[in-house]
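S.K.: Sharing coords12.txt here; it has compact mmCIF, C-alpha atoms and all ligand atoms.
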```txt
# COMPACT_ATOMS: atom_id res chain seq x y z
CA MET U 1 75.18 -52.52 12.27
CA THR U 2 72.20 -54.65 13.34
CA GLU U 3 74.63 -57.23 14.71
CA LYS U 4 76.43 -54.60 16.75
CA VAL U 5 73.13 -53.49 18.39
CA ASN U 6 72.36 -57.14 19.12
CA PHE U 7 75.70 -57.67 20.80
CA GLN U 8 75.21 -54.55 22.88
CA ASP U 9 71.76 -55.75 23.92
CA ARG U 10 73.26 -59.05 24.95
CA ALA U 11 75.97 -57.35 26.96
CA LEU U 12 73.29 -55.22 28.65
CA VAL U 13 71.34 -58.32 29.63
CA LEU U 14 74.49 -59.77 31.17
CA THR U 15 75.31 -56.63 33.14
CA GLU U 16 71.68 -56.36 34.23
CA ALA U 17 72.16 -59.80 35.81
CA LEU U 18 75.14 -58.70 37.92
CA PRO U 19 73.29 -57.37 41.00
CA TYR U 20 71.11 -60.48 41.05
CA LEU U 21 74.11 -62.77 40.70
CA GLN U 22 75.69 -60.97 43.65
CA GLN U 23 72.46 -61.10 45.66
CA TYR U 24 71.88 -64.82 45.14
CA ALA U 25 75.48 -66.12 45.15
CA GLY U 26 75.70 -69.13 47.45
CA LYS U 27 71.97 -68.92 48.30
CA THR U 28 69.49 -71.77 48.03
CA ILE U 29 66.54 -71.36 45.68
CA VAL U 30 63.86 -74.04 45.89
CA VAL U 31 62.14 -74.48 42.54
CA LYS U 32 58.86 -76.34 42.35
CA TYR U 33 58.42 -77.60 38.80
CA GLY U 34 54.74 -78.40 38.36
CA GLY U 35 53.58 -81.23 36.12
CA ASN U 36 51.43 -78.73 34.24
CA ALA U 37 54.48 -76.64 33.34
CA MET U 38 56.13 -79.68 31.67
CA GLU U 39 54.11 -78.98 28.53
CA ASN U 40 56.57 -80.06 25.84
CA ASP U 41 60.15 -81.17 25.27
CA GLU U 42 61.40 -77.69 24.40
CA LEU U 43 60.04 -76.22 27.65
CA LYS U 44 61.50 -79.07 29.69
CA ARG U 45 64.88 -78.54 28.02
CA SER U 46 64.81 -74.79 28.67
CA PHE U 47 63.95 -75.50 32.32
CA ALA U 48 66.90 -77.89 32.63
CA ARG U 49 69.30 -75.41 30.98
CA SER U 50 68.13 -72.64 33.33
CA VAL U 51 68.77 -74.85 36.36
CA VAL U 52 72.25 -75.77 35.07
CA LEU U 53 73.05 -72.11 34.44
CA LEU U 54 71.99 -71.12 37.97
CA LYS U 55 74.28 -73.77 39.46
CA ALA U 56 77.14 -72.74 37.17
CA VAL U 57 76.97 -69.13 38.42
CA GLY U 58 77.12 -70.17 42.09
CA ILE U 59 73.44 -70.28 43.05
CA ASN U 60 72.10 -73.48 44.68
CA PRO U 61 68.92 -74.63 42.96
CA VAL U 62 66.97 -77.46 44.57
CA VAL U 63 64.27 -78.88 42.32
CA VAL U 64 61.06 -80.36 43.70
CA HIS U 65 58.87 -81.67 40.93
CA GLY U 66 55.22 -82.55 40.57
CA GLY U 67 53.67 -84.75 37.94
CA GLY U 68 49.93 -84.70 38.59
CA PRO U 69 48.95 -84.84 34.88
CA GLN U 70 51.54 -87.57 34.23
CA ILE U 71 50.12 -89.67 37.10
CA GLY U 72 46.62 -89.08 35.70
CA GLU U 73 47.72 -90.27 32.26
CA MET U 74 49.24 -93.48 33.65
CA LEU U 75 46.18 -94.18 35.83
CA ASN U 76 44.06 -93.73 32.73
CA ARG U 77 46.21 -96.19 30.75
CA LEU U 78 45.76 -98.69 33.57
CA ASN U 79 42.00 -98.04 33.71
CA LEU U 80 42.26 -96.67 37.24
CA GLU U 81 40.25 -93.68 38.36
CA SER U 82 41.71 -90.22 39.21
CA ARG U 83 39.77 -88.51 41.99
CA PHE U 84 40.62 -85.33 43.90
CA VAL U 85 39.33 -83.98 47.21
CA GLN U 86 40.31 -80.41 48.10
CA GLY U 87 43.09 -80.48 45.51
CA MET U 88 44.57 -83.78 46.80
CA ARG U 89 44.55 -87.04 44.84
CA VAL U 90 42.64 -89.81 46.57
CA THR U 91 45.38 -92.43 46.91
CA ASP U 92 44.53 -96.08 47.54
CA SER U 93 47.34 -98.66 47.47
CA SER U 94 47.15 -99.27 43.67
CA THR U 95 47.23 -95.51 43.07
CA MET U 96 50.21 -95.25 45.43
CA ASP U 97 52.08 -97.81 43.30
CA VAL U 98 51.43 -95.69 40.22
CA VAL U 99 52.45 -92.50 42.06
CA GLN U 100 55.77 -94.10 43.01
CA MET U 101 56.36 -95.38 39.47
CA VAL U 102 55.55 -92.07 37.82
CA LEU U 103 56.99 -89.56 40.31
CA GLY U 104 59.96 -91.55 41.66
CA GLY U 105 60.62 -93.16 38.27
CA LEU U 106 59.54 -91.59 35.01
CA VAL U 107 59.29 -87.89 35.89
CA ASN U 108 62.19 -87.77 38.33
CA LYS U 109 64.59 -89.55 35.99
CA GLU U 110 63.52 -87.49 32.98
CA ILE U 111 64.38 -84.27 34.79
CA VAL U 112 67.65 -85.74 36.09
CA SER U 113 68.62 -86.84 32.56
CA LEU U 114 67.76 -83.47 31.05
CA ILE U 115 69.86 -81.61 33.61
CA ASN U 116 72.74 -84.03 33.14
CA SER U 117 72.62 -83.90 29.35
CA ASN U 118 72.81 -80.11 29.55
CA GLY U 119 76.02 -80.19 31.56
CA GLY U 120 74.73 -80.30 35.13
CA ARG U 121 75.10 -83.02 37.75
CA ALA U 122 71.69 -83.92 39.08
CA VAL U 123 70.80 -86.61 41.61
CA GLY U 124 67.18 -87.70 41.86
CA ILE U 125 65.74 -88.83 45.18
CA THR U 126 62.38 -89.26 46.87
CA GLY U 127 61.68 -88.46 50.51
CA LYS U 128 62.12 -92.19 51.19
CA ASP U 129 65.86 -91.98 50.45
CA GLY U 130 67.57 -91.64 53.80
CA ARG U 131 63.96 -91.21 55.07
CA PHE U 132 64.56 -87.50 54.71
CA ILE U 133 60.88 -86.53 54.35
CA ARG U 134 58.97 -87.86 57.34
CA ALA U 135 55.26 -87.82 56.61
CA LYS U 136 52.01 -88.52 58.35
CA ARG U 137 48.54 -89.12 57.01
CA LEU U 138 46.84 -85.88 55.98
CA LYS U 139 43.55 -85.37 57.79
CA VAL U 140 40.93 -83.93 55.48
CA THR U 141 37.66 -82.70 56.90
CA HIS U 142 34.52 -81.26 55.41
CA LYS U 143 31.87 -79.15 57.11
CA THR U 144 28.68 -77.55 55.84
CA PRO U 145 26.82 -74.88 57.88
CA GLU U 146 24.17 -77.51 58.72
CA MET U 147 26.75 -79.84 60.30
CA THR U 148 27.65 -79.49 63.98
CA VAL U 149 30.94 -81.41 63.67
CA PRO U 150 33.11 -81.69 60.57
CA GLU U 151 33.14 -85.06 58.84
CA ILE U 152 36.52 -86.73 58.25
CA ILE U 153 37.13 -87.75 54.64
CA ASP U 154 39.41 -90.73 54.03
CA ILE U 155 41.64 -90.00 51.04
CA GLY U 156 44.06 -92.89 51.61
CA GLN U 157 47.85 -92.64 51.53
CA VAL U 158 48.00 -88.87 51.16
CA GLY U 159 50.56 -87.36 53.44
CA GLU U 160 51.63 -84.08 54.91
CA VAL U 161 55.22 -83.29 55.81
CA GLU U 162 55.98 -83.92 59.45
CA SER U 163 59.69 -83.11 59.31
CA VAL U 164 62.52 -82.72 56.82
CA ASP U 165 66.07 -83.87 57.46
CA THR U 166 68.07 -81.51 55.26
CA SER U 167 71.40 -83.34 55.60
CA ILE U 168 71.12 -85.41 52.40
CA VAL U 169 70.14 -82.36 50.33
CA GLU U 170 72.92 -80.27 51.87
CA MET U 171 75.44 -83.05 51.26
CA LEU U 172 74.47 -83.11 47.58
CA GLN U 173 74.61 -79.31 47.35
CA HIS U 174 78.06 -79.20 48.94
CA SER U 175 79.32 -81.78 46.44
CA ASP U 176 78.02 -79.59 43.59
CA PHE U 177 75.12 -81.84 42.70
CA ILE U 178 71.66 -80.53 41.92
CA PRO U 179 69.06 -82.34 44.05
CA VAL U 180 65.89 -83.32 42.18
CA ILE U 181 63.20 -84.38 44.61
CA ALA U 182 60.02 -86.39 44.08
CA PRO U 183 57.30 -85.60 46.64
CA ILE U 184 56.97 -88.97 48.36
CA GLY U 185 57.32 -89.27 52.12
CA VAL U 186 57.53 -92.11 54.60
CA ASP U 187 56.48 -92.66 58.21
CA ASP U 188 58.20 -94.55 61.05
CA ALA U 189 56.45 -97.77 60.07
CA GLY U 190 57.77 -97.47 56.51
CA VAL U 191 54.39 -96.54 54.96
CA SER U 192 54.78 -94.39 51.83
CA TYR U 193 52.76 -91.23 51.32
CA ASN U 194 51.80 -89.28 48.24
CA ILE U 195 52.37 -85.63 49.13
CA ASN U 196 51.35 -82.65 47.06
CA ALA U 197 54.57 -81.31 45.53
CA ASP U 198 53.84 -77.69 46.50
CA LEU U 199 53.67 -78.71 50.15
CA VAL U 200 56.99 -80.55 49.92
CA ALA U 201 58.64 -77.59 48.18
CA GLY U 202 57.34 -75.17 50.82
CA LYS U 203 58.47 -77.29 53.78
CA LEU U 204 61.84 -77.98 52.17
CA ALA U 205 62.36 -74.25 51.51
CA GLU U 206 61.61 -73.57 55.18
CA ALA U 207 63.93 -76.32 56.43
CA LEU U 208 66.77 -75.24 54.11
CA LYS U 209 66.20 -71.58 55.03
CA ALA U 210 66.02 -70.90 51.31
CA GLU U 211 66.25 -67.41 49.93
CA LYS U 212 63.35 -68.01 47.57
CA LEU U 213 60.62 -70.45 46.75
CA LEU U 214 59.62 -70.41 43.09
CA LEU U 215 56.47 -72.25 42.09
CA LEU U 216 56.36 -72.83 38.32
CA THR U 217 52.88 -73.58 37.07
CA ASN U 218 50.61 -73.17 34.05
CA THR U 219 49.06 -69.78 34.86
CA GLN U 220 50.57 -66.29 34.98
CA GLY U 221 50.21 -66.35 38.75
CA LEU U 222 47.29 -65.98 41.11
CA LEU U 223 44.31 -64.87 39.02
CA SER U 224 40.96 -63.27 39.81
CA LYS U 225 37.74 -64.80 38.48
CA ASP U 226 38.12 -62.43 35.47
CA GLY U 227 41.60 -63.74 34.76
CA GLU U 228 43.46 -60.66 36.04
CA LEU U 229 46.73 -61.11 37.91
CA LEU U 230 46.00 -60.43 41.58
CA THR U 231 47.95 -57.90 43.55
CA GLY U 232 48.48 -56.57 47.07
CA LEU U 233 46.64 -59.24 49.04
CA ASN U 234 47.22 -60.14 52.65
CA ALA U 235 46.58 -63.54 54.24
CA GLU U 236 42.99 -62.59 55.18
CA GLN U 237 42.17 -61.51 51.63
CA VAL U 238 43.64 -64.76 50.34
CA GLN U 239 41.35 -66.63 52.76
CA ALA U 240 38.35 -64.69 51.40
CA LEU U 241 39.32 -65.73 47.84
CA ILE U 242 39.46 -69.34 49.00
CA ASN U 243 36.03 -69.01 50.64
CA ASP U 244 34.41 -67.49 47.54
CA GLY U 245 35.94 -70.11 45.22
CA THR U 246 38.38 -67.84 43.33
CA ILE U 247 41.25 -69.99 44.57
CA TYR U 248 40.51 -73.69 44.17
CA GLY U 249 42.05 -77.03 43.19
CA GLY U 250 45.79 -77.04 42.54
CA MET U 251 46.15 -73.35 43.48
CA LEU U 252 45.07 -74.07 47.08
CA PRO U 253 48.21 -75.92 48.24
CA LYS U 254 50.36 -73.53 46.20
CA ILE U 255 49.16 -70.38 47.91
CA GLN U 256 49.01 -72.04 51.31
CA CYS U 257 52.57 -73.35 51.17
CA ALA U 258 53.80 -70.01 49.87
CA LEU U 259 52.17 -68.17 52.79
CA SER U 260 53.56 -70.71 55.25
CA ALA U 261 57.07 -70.50 53.75
CA VAL U 262 57.28 -66.70 53.98
CA GLY U 263 55.87 -66.90 57.50
CA ASN U 264 58.68 -69.29 58.43
CA GLY U 265 61.84 -67.60 57.27
CA VAL U 266 61.85 -67.87 53.46
CA ASN U 267 62.37 -64.37 52.11
CA THR U 268 59.96 -64.48 49.19
CA ALA U 269 57.76 -66.97 47.39
CA LEU U 270 56.61 -66.51 43.81
CA ILE U 271 54.04 -68.22 41.66
CA ILE U 272 55.27 -67.88 38.08
CA ASP U 273 54.34 -69.06 34.61
CA GLY U 274 56.43 -72.12 33.83
CA ARG U 275 55.11 -72.11 30.24
CA VAL U 276 57.34 -69.13 29.49
CA PRO U 277 60.72 -70.42 28.25
CA HIS U 278 63.49 -69.69 30.76
CA ALA U 279 60.94 -68.32 33.27
CA LEU U 280 63.44 -69.11 36.03
CA LEU U 281 66.18 -66.94 34.55
CA LEU U 282 63.78 -64.12 33.76
CA GLU U 283 62.58 -64.14 37.34
CA LEU U 284 65.92 -64.46 39.07
CA LEU U 285 68.44 -62.69 36.88
CA THR U 286 66.62 -59.92 35.01
CA ASP U 287 64.49 -56.90 35.85
CA GLN U 288 61.59 -58.70 34.19
CA GLY U 289 60.26 -60.55 37.24
CA VAL U 290 56.84 -61.97 36.40
CA GLY U 291 54.02 -63.56 38.38
CA THR U 292 52.59 -63.24 41.86
CA LEU U 293 54.96 -62.36 44.67
CA ILE U 294 54.21 -63.46 48.20
CA THR U 295 56.04 -61.83 51.06
CA GLY U 296 55.40 -61.90 54.81
CA GLU U 297 53.21 -58.81 54.56
CA HIS U 298 51.21 -59.35 51.42
CA VAL U 299 50.77 -61.02 48.05
CA GLU U 300 51.49 -58.77 45.10
CA THR U 301 51.90 -58.92 41.37
CA VAL U 302 55.39 -58.46 40.03
CA SER U 303 55.81 -57.14 36.58
CA GLY U 304 58.83 -55.29 35.33
CA CYS U 305 60.60 -55.58 38.67
CA ASN U 306 62.40 -58.45 40.24
CA GLY U 307 60.96 -59.79 43.46
N1 LIG U 401 42.87 -68.14 41.44
C1 LIG U 401 43.56 -68.97 40.64
N2 LIG U 401 44.52 -68.45 39.82
C2 LIG U 401 45.23 -69.26 38.98
N3 LIG U 401 45.03 -70.61 38.89
C3 LIG U 401 44.09 -71.17 39.67
C4 LIG U 401 43.32 -70.38 40.59
N4 LIG U 401 42.49 -71.21 41.26
C5 LIG U 401 42.69 -72.42 40.78
N5 LIG U 401 43.64 -72.45 39.84
C6 LIG U 401 44.07 -73.65 39.13
O1 LIG U 401 45.30 -74.07 39.65
C7 LIG U 401 46.02 -74.68 38.57
C8 LIG U 401 47.49 -74.81 38.94
O2 LIG U 401 47.65 -75.85 39.88
P1 LIG U 401 48.03 -77.33 39.42
O3 LIG U 401 47.06 -77.80 38.39
O4 LIG U 401 48.18 -78.19 40.63
O5 LIG U 401 49.40 -77.08 38.68
P2 LIG U 401 50.87 -77.61 38.95
O6 LIG U 401 50.98 -78.91 38.22
O7 LIG U 401 51.73 -76.54 38.37
O8 LIG U 401 51.06 -77.75 40.44
C9 LIG U 401 45.72 -73.76 37.41
O9 LIG U 401 45.93 -74.38 36.17
C10 LIG U 401 44.25 -73.43 37.63
O10 LIG U 401 43.42 -74.37 36.98
C1 LIG U 402 48.33 -85.76 47.19
C2 LIG U 402 48.52 -85.31 45.78
O1 LIG U 402 47.60 -84.76 45.19
N1 LIG U 402 49.72 -85.51 45.23
C3 LIG U 402 50.03 -85.14 43.88
C4 LIG U 402 51.53 -85.29 43.70
C5 LIG U 402 52.03 -84.73 42.40
C6 LIG U 402 51.87 -83.22 42.31
O2 LIG U 402 51.70 -82.51 43.29
O3 LIG U 402 51.95 -82.76 41.03
P1 LIG U 402 51.69 -81.29 40.48
O4 LIG U 402 52.61 -80.38 41.17
O5 LIG U 402 51.99 -81.43 39.03
O6 LIG U 402 50.24 -80.95 40.74
C7 LIG U 402 49.28 -86.03 42.86
O7 LIG U 402 49.09 -87.22 43.13
O8 LIG U 402 48.93 -85.51 41.79
```
Translate the structure described by the file into C-alpha cells.
M.R.:
Amino acid sequence: MTEKVNFQDRALVLTEALPYLQQYAGKTIVVKYGGNAMENDELKRSFARSVVLLKAVGINPVVVHGGGPQIGEMLNRLNLESRFVQGMRVTDSSTMDVVQMVLGGLVNKEIVSLINSNGGRAVGITGKDGRFIRAKRLKVTHKTPEMTVPEIIDIGQVGEVESVDTSIVEMLQHSDFIPVIAPIGVDDAGVSYNINADLVAGKLAEALKAEKLLLLTNTQGLLSKDGELLTGLNAEQVQALINDGTIYGGMLPKIQCALSAVGNGVNTALIIDGRVPHALLLELLTDQGVGTLITGEHVETVSGCNG
C-alpha cells in the first residue's frame, strides 16, 4: 500500500513538471554555479545530474561557474594573499596565474567530468577560447563625502565584459553539448582578465537572449540584516540596501548582474540556494520555486510558486 502511494506521488511529480517542460523546451537557461555552492561531492554530483536531466528533456543549460573559495584555497597553499575590493579579487600577475589554473583547470574540468560521467556531453571553455569573452580592465573607484573627486583603486587584472561572441556557445548547443564556462576574458592585446563569474553569467544570458538566469549560491536568496528572505524590491530599494550595507561582498555583483540581465531581455533572474540538492530541478520543473526572483519590475521572494 505504502509503495502504491509512493508511486502515485512520483507520477504526480512527473505530471507537475509537464507545463514547465513545455514552457522551457528549446530555451536557454544560464546557470551560474557559485564556488560556495560546491560544498561537497554529493552536492556537485546532484548539480551535474540536474544539468544532464535538463539537457535530456530538451532544455539548453549553459553553465558558468565560479570558484572563489577554491582560488582562495590554492593561493593559501602557495602562501599568496587573497584580498577583495568591493567584492572583486585584487589580481596581480601571480594571482592571475592561479586564477587560470584553478578556474580554467581544476574547477572547470571537475564540472565537465561530473556531467560527462552522469551521461551528459560537456565541453569546458574559458572566454579565451575563440576569444569569445572580450574584456577590459574594470575601473574601481572609491569616494567618501569629504572627497571632491573619487579615487581610482588599482585592483590589477580584474575585468568586465566588453562583448560576448555567442557563436561558439551556440555551436556547442546545436551539437548537443553542454557548455561549461570559466569566467576568464581577454582583450585585443591578448591580456587575460579575471572576471567575477556572476558578471559573466549575466552578460552571457543577455547575449544568448536566455529565458532565465539562475544564480546558485550559499544563501536562500537575498537576505535582510535579520536573515529574512527579501521580497518585492525595486531597483531603487536594492540601491538603498547596498548603501546601508545590507547587500555587500559577493552579493553585490550577483544582484547587479541580475538587474542588468532582466533589464536587457532576460525574462527572469533568480538567486537560489545551491546547497539544496537538485535546487535546479526544484526551481525549473516543480511548483516549489525557491529563492529571490528578479524581474524587470521588482525583486521578490518565490516560495511555493515557480518563477
Ligand atoms: N543581503 C545579502 N543576502 C545574502 N547574502 C549576502 C547578502 N549580502 C552579502 N551576502 C554574501 O554574499 C555571499 C554570496 O556570494 P559569494 O560568496 O560570491 O558566493 P558565490 O560563490 O555563490 O558567488 C553570501 O554567502 C553572503 O556572505
Ligand atoms: C574578479 C573576481 O573576484 N573574480 C572571481 C572569479 C571567481 C568567482 O566569481 O567565483 P564565485 O562565483 O565562486 O564567487 C575570484 O577571483 O574569486
S.K.: When distances are computed from all atoms listed in the file, which of U:Met38, U:Leu53, U:Leu21, U:Leu208 shows the smallest separation from ligand LIG 401 (chain U)?
M.R.: U:Met38
S.K.: Taking only C-alpha atoms and all ligand atoms into account, name the residue in U:Gly263, U:Gly245, U:Pro277, U:Gly250 that is nearest to ligand LIG 402 (chain U).
M.R.: U:Gly250
S.K.: Give me the residues within 10 Å of Phe84 (chain U) as a VMD selection string, counting only C-alpha atoms and dropping any in the same chain fewer than 4 places off.
M.R.: chain U and resid 88 to 91 155 249 to 250
S.K.: Report, in Å with one decimal, the straight-line distance from CA of Ala197 (chain U) to CA of Leu215 (chain U).
M.R.: 9.9 Å
S.K.: Using all atoms listed in the file, determine which residues fall within 9 Å of ligand LIG 402 (chain U), then list them as an mmCIF file with C-alpha atoms, in the coordinates of the input.
M.R.:
```cif
data_model
loop_
_atom_site.group_PDB
_atom_site.id
_atom_site.type_symbol
_atom_site.label_atom_id
_atom_site.label_comp_id
_atom_site.auth_asym_id
_atom_site.auth_seq_id
_atom_site.Cartn_x
_atom_site.Cartn_y
_atom_site.Cartn_z
ATOM 1 C CA LYS U 32 58.860 -76.340 42.350
ATOM 2 C CA TYR U 33 58.420 -77.600 38.800
ATOM 3 C CA GLY U 34 54.740 -78.400 38.360
ATOM 4 C CA GLY U 35 53.580 -81.230 36.120
ATOM 5 C CA ASN U 36 51.430 -78.730 34.240
ATOM 6 C CA ALA U 37 54.480 -76.640 33.340
ATOM 7 C CA MET U 38 56.130 -79.680 31.670
ATOM 8 C CA VAL U 64 61.060 -80.360 43.700
ATOM 9 C CA HIS U 65 58.870 -81.670 40.930
ATOM 10 C CA GLY U 66 55.220 -82.550 40.570
ATOM 11 C CA GLY U 67 53.670 -84.750 37.940
ATOM 12 C CA GLY U 68 49.930 -84.700 38.590
ATOM 13 C CA PRO U 69 48.950 -84.840 34.880
ATOM 14 C CA GLN U 70 51.540 -87.570 34.230
ATOM 15 C CA ILE U 71 50.120 -89.670 37.100
ATOM 16 C CA GLY U 72 46.620 -89.080 35.700
ATOM 17 C CA SER U 82 41.710 -90.220 39.210
ATOM 18 C CA PHE U 84 40.620 -85.330 43.900
ATOM 19 C CA VAL U 85 39.330 -83.980 47.210
ATOM 20 C CA GLN U 86 40.310 -80.410 48.100
ATOM 21 C CA GLY U 87 43.090 -80.480 45.510
ATOM 22 C CA MET U 88 44.570 -83.780 46.800
ATOM 23 C CA ARG U 89 44.550 -87.040 44.840
ATOM 24 C CA VAL U 90 42.640 -89.810 46.570
ATOM 25 C CA THR U 91 45.380 -92.430 46.910
ATOM 26 C CA THR U 95 47.230 -95.510 43.070
ATOM 27 C CA MET U 96 50.210 -95.250 45.430
ATOM 28 C CA VAL U 99 52.450 -92.500 42.060
ATOM 29 C CA LEU U 103 56.990 -89.560 40.310
ATOM 30 C CA LEU U 138 46.840 -85.880 55.980
ATOM 31 C CA ILE U 155 41.640 -90.000 51.040
ATOM 32 C CA GLN U 157 47.850 -92.640 51.530
ATOM 33 C CA VAL U 158 48.000 -88.870 51.160
ATOM 34 C CA GLY U 159 50.560 -87.360 53.440
ATOM 35 C CA GLU U 160 51.630 -84.080 54.910
ATOM 36 C CA ALA U 182 60.020 -86.390 44.080
ATOM 37 C CA PRO U 183 57.300 -85.600 46.640
ATOM 38 C CA ILE U 184 56.970 -88.970 48.360
ATOM 39 C CA TYR U 193 52.760 -91.230 51.320
ATOM 40 C CA ASN U 194 51.800 -89.280 48.240
ATOM 41 C CA ILE U 195 52.370 -85.630 49.130
ATOM 42 C CA ASN U 196 51.350 -82.650 47.060
ATOM 43 C CA ALA U 197 54.570 -81.310 45.530
ATOM 44 C CA ASP U 198 53.840 -77.690 46.500
ATOM 45 C CA LEU U 199 53.670 -78.710 50.150
ATOM 46 C CA VAL U 200 56.990 -80.550 49.920
ATOM 47 C CA LEU U 216 56.360 -72.830 38.320
ATOM 48 C CA THR U 217 52.880 -73.580 37.070
ATOM 49 C CA GLY U 250 45.790 -77.040 42.540
ATOM 50 C CA PRO U 253 48.210 -75.920 48.240
ATOM 51 C CA LYS U 254 50.360 -73.530 46.200
#
```
S.K.: Between U:Val31, U:Ala261, U:Leu54, U:Leu75, which has the minimum distance to ligand LIG 401 (chain U) (counting all atoms listed in the file)?
M.R.: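 Of the candidates, the smallest distance to ligand LIG 401 (chain U) is held by U:Val31.
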S.K.: My list of candidates is U:Asp187, U:Glu211, U:Asp287, U:Glu170. Which is closest to Ala25 (chain U) when distances are computed with all atoms listed in the file?
M.R.: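 Using all atoms listed in the file, the shortest distance to Ala25 (chain U) belongs to U:Glu211.
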S.K.: To one decimal place, how far is CA of Met251 (chain U) from CA of Leu270 (chain U) in Å?
M.R.: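 According to the coordinates, CA of Met251 (chain U) and CA of Leu270 (chain U) are separated by 12.5 Å.
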S.K.: Which of these residues is nearest to ligand LIG 401 (chain U), using only C-alpha atoms and all ligand atoms: U:Leu229, U:Ala279, U:Val186, U:Ala269?
M.R.: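 Smallest distance to ligand LIG 401 (chain U) is found for U:Leu229.
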S.K.: Could you name the residues that touch Leu172 (chain U) at 10 Å or less, counting all atoms listed in the file, but leaving out those on the same chain fewer than 5 positions away, as an mmCIF file with C-alpha atoms, keeping the file's coordinate frame?
M.R.:
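File written: result-v8.cif
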```cif
data_model
loop_
_atom_site.group_PDB
_atom_site.id
_atom_site.type_symbol
_atom_site.label_atom_id
_atom_site.label_comp_id
_atom_site.auth_asym_id
_atom_site.auth_seq_id
_atom_site.Cartn_x
_atom_site.Cartn_y
_atom_site.Cartn_z
ATOM 1 C CA VAL U 62 66.970 -77.460 44.570
ATOM 2 C CA ARG U 121 75.100 -83.020 37.750
ATOM 3 C CA ALA U 122 71.690 -83.920 39.080
ATOM 4 C CA VAL U 123 70.800 -86.610 41.610
ATOM 5 C CA SER U 167 71.400 -83.340 55.600
ATOM 6 C CA PHE U 177 75.120 -81.840 42.700
ATOM 7 C CA ILE U 178 71.660 -80.530 41.920
ATOM 8 C CA PRO U 179 69.060 -82.340 44.050
#
```
S.K.: Out of U:Glu16, U:Glu39, U:Glu73, U:Glu236, which residue has the shortest atom-to-atom distance to ligand LIG 401 (chain U) when counting only C-alpha atoms and all ligand atoms?
M.R.: U:Glu39
S.K.: At what distance in Å, to one decimal, does CA of Leu204 (chain U) lie from CA of Leu222 (chain U)?
M.R.: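 Here the two named atoms are 21.9 Å from each other.
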S.K.: So for ligand LIG 401 (chain U), what box centre and size do we get, axis-aligned, 3 Å extra on each of the six sides, every listed atom, Å to one decimal, as JSON?
M.R.:
```
{"center_x": 47.1, "center_y": -73.5, "center_z": 38.8, "size_x": 15.2, "size_y": 16.8, "size_z": 11.3}
```
S.K.: Need to verify the contact set: region 225-227 of chain U, 10 Å, only C-alpha atoms, exclusion of same-chain residues closer than 3 positions in sequence. Can you return it as a PyMOL selection string?
M.R.: chain U and resi 219-222+230+241+245-247
S.K.: Since the input lacks some atoms of region 197-210 of chain U, please model N, CA and C atoms and print them as a PDB file, keeping the file's coordinate frame.
M.R.:
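Saved as result24.pdb:
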```
ATOM      1  N   ALA U 197      53.206 -81.800  45.730  1.00  0.00           N
ATOM      2  CA  ALA U 197      54.570 -81.310  45.530  1.00  0.00           C
ATOM      3  C   ALA U 197      54.774 -79.875  46.023  1.00  0.00           C
ATOM      4  N   ASP U 198      53.706 -79.064  45.986  1.00  0.00           N
ATOM      5  CA  ASP U 198      53.840 -77.690  46.500  1.00  0.00           C
ATOM      6  C   ASP U 198      54.148 -77.728  47.998  1.00  0.00           C
ATOM      7  N   LEU U 199      53.464 -78.627  48.701  1.00  0.00           N
ATOM      8  CA  LEU U 199      53.670 -78.710  50.150  1.00  0.00           C
ATOM      9  C   LEU U 199      55.090 -79.155  50.478  1.00  0.00           C
ATOM     10  N   VAL U 200      55.614 -80.097  49.701  1.00  0.00           N
ATOM     11  CA  VAL U 200      56.990 -80.550  49.920  1.00  0.00           C
ATOM     12  C   VAL U 200      57.963 -79.401  49.643  1.00  0.00           C
ATOM     13  N   ALA U 201      57.732 -78.703  48.533  1.00  0.00           N
ATOM     14  CA  ALA U 201      58.640 -77.590  48.180  1.00  0.00           C
ATOM     15  C   ALA U 201      58.637 -76.533  49.272  1.00  0.00           C
ATOM     16  N   GLY U 202      57.447 -76.206  49.778  1.00  0.00           N
ATOM     17  CA  GLY U 202      57.340 -75.170  50.820  1.00  0.00           C
ATOM     18  C   GLY U 202      58.078 -75.589  52.083  1.00  0.00           C
ATOM     19  N   LYS U 203      57.833 -76.822  52.545  1.00  0.00           N
ATOM     20  CA  LYS U 203      58.470 -77.290  53.780  1.00  0.00           C
ATOM     21  C   LYS U 203      59.994 -77.413  53.607  1.00  0.00           C
ATOM     22  N   LEU U 204      60.404 -77.848  52.419  1.00  0.00           N
ATOM     23  CA  LEU U 204      61.840 -77.980  52.170  1.00  0.00           C
ATOM     24  C   LEU U 204      62.497 -76.588  52.153  1.00  0.00           C
ATOM     25  N   ALA U 205      61.820 -75.622  51.531  1.00  0.00           N
ATOM     26  CA  ALA U 205      62.360 -74.250  51.510  1.00  0.00           C
ATOM     27  C   ALA U 205      62.509 -73.727  52.932  1.00  0.00           C
ATOM     28  N   GLU U 206      61.522 -74.010  53.775  1.00  0.00           N
ATOM     29  CA  GLU U 206      61.610 -73.570  55.180  1.00  0.00           C
ATOM     30  C   GLU U 206      62.785 -74.249  55.875  1.00  0.00           C
ATOM     31  N   ALA U 207      62.885 -75.577  55.722  1.00  0.00           N
ATOM     32  CA  ALA U 207      63.930 -76.320  56.430  1.00  0.00           C
ATOM     33  C   ALA U 207      65.322 -75.920  55.953  1.00  0.00           C
ATOM     34  N   LEU U 208      65.460 -75.615  54.661  1.00  0.00           N
ATOM     35  CA  LEU U 208      66.770 -75.240  54.110  1.00  0.00           C
ATOM     36  C   LEU U 208      67.075 -73.760  54.323  1.00  0.00           C
ATOM     37  N   LYS U 209      66.102 -73.042  54.883  1.00  0.00           N
ATOM     38  CA  LYS U 209      66.200 -71.580  55.030  1.00  0.00           C
ATOM     39  C   LYS U 209      66.528 -70.950  53.673  1.00  0.00           C
ATOM     40  N   ALA U 210      65.760 -71.355  52.685  1.00  0.00           N
ATOM     41  CA  ALA U 210      66.020 -70.900  51.310  1.00  0.00           C
ATOM     42  C   ALA U 210      65.764 -69.405  51.177  1.00  0.00           C
TER      43      ALA U 210
END
```
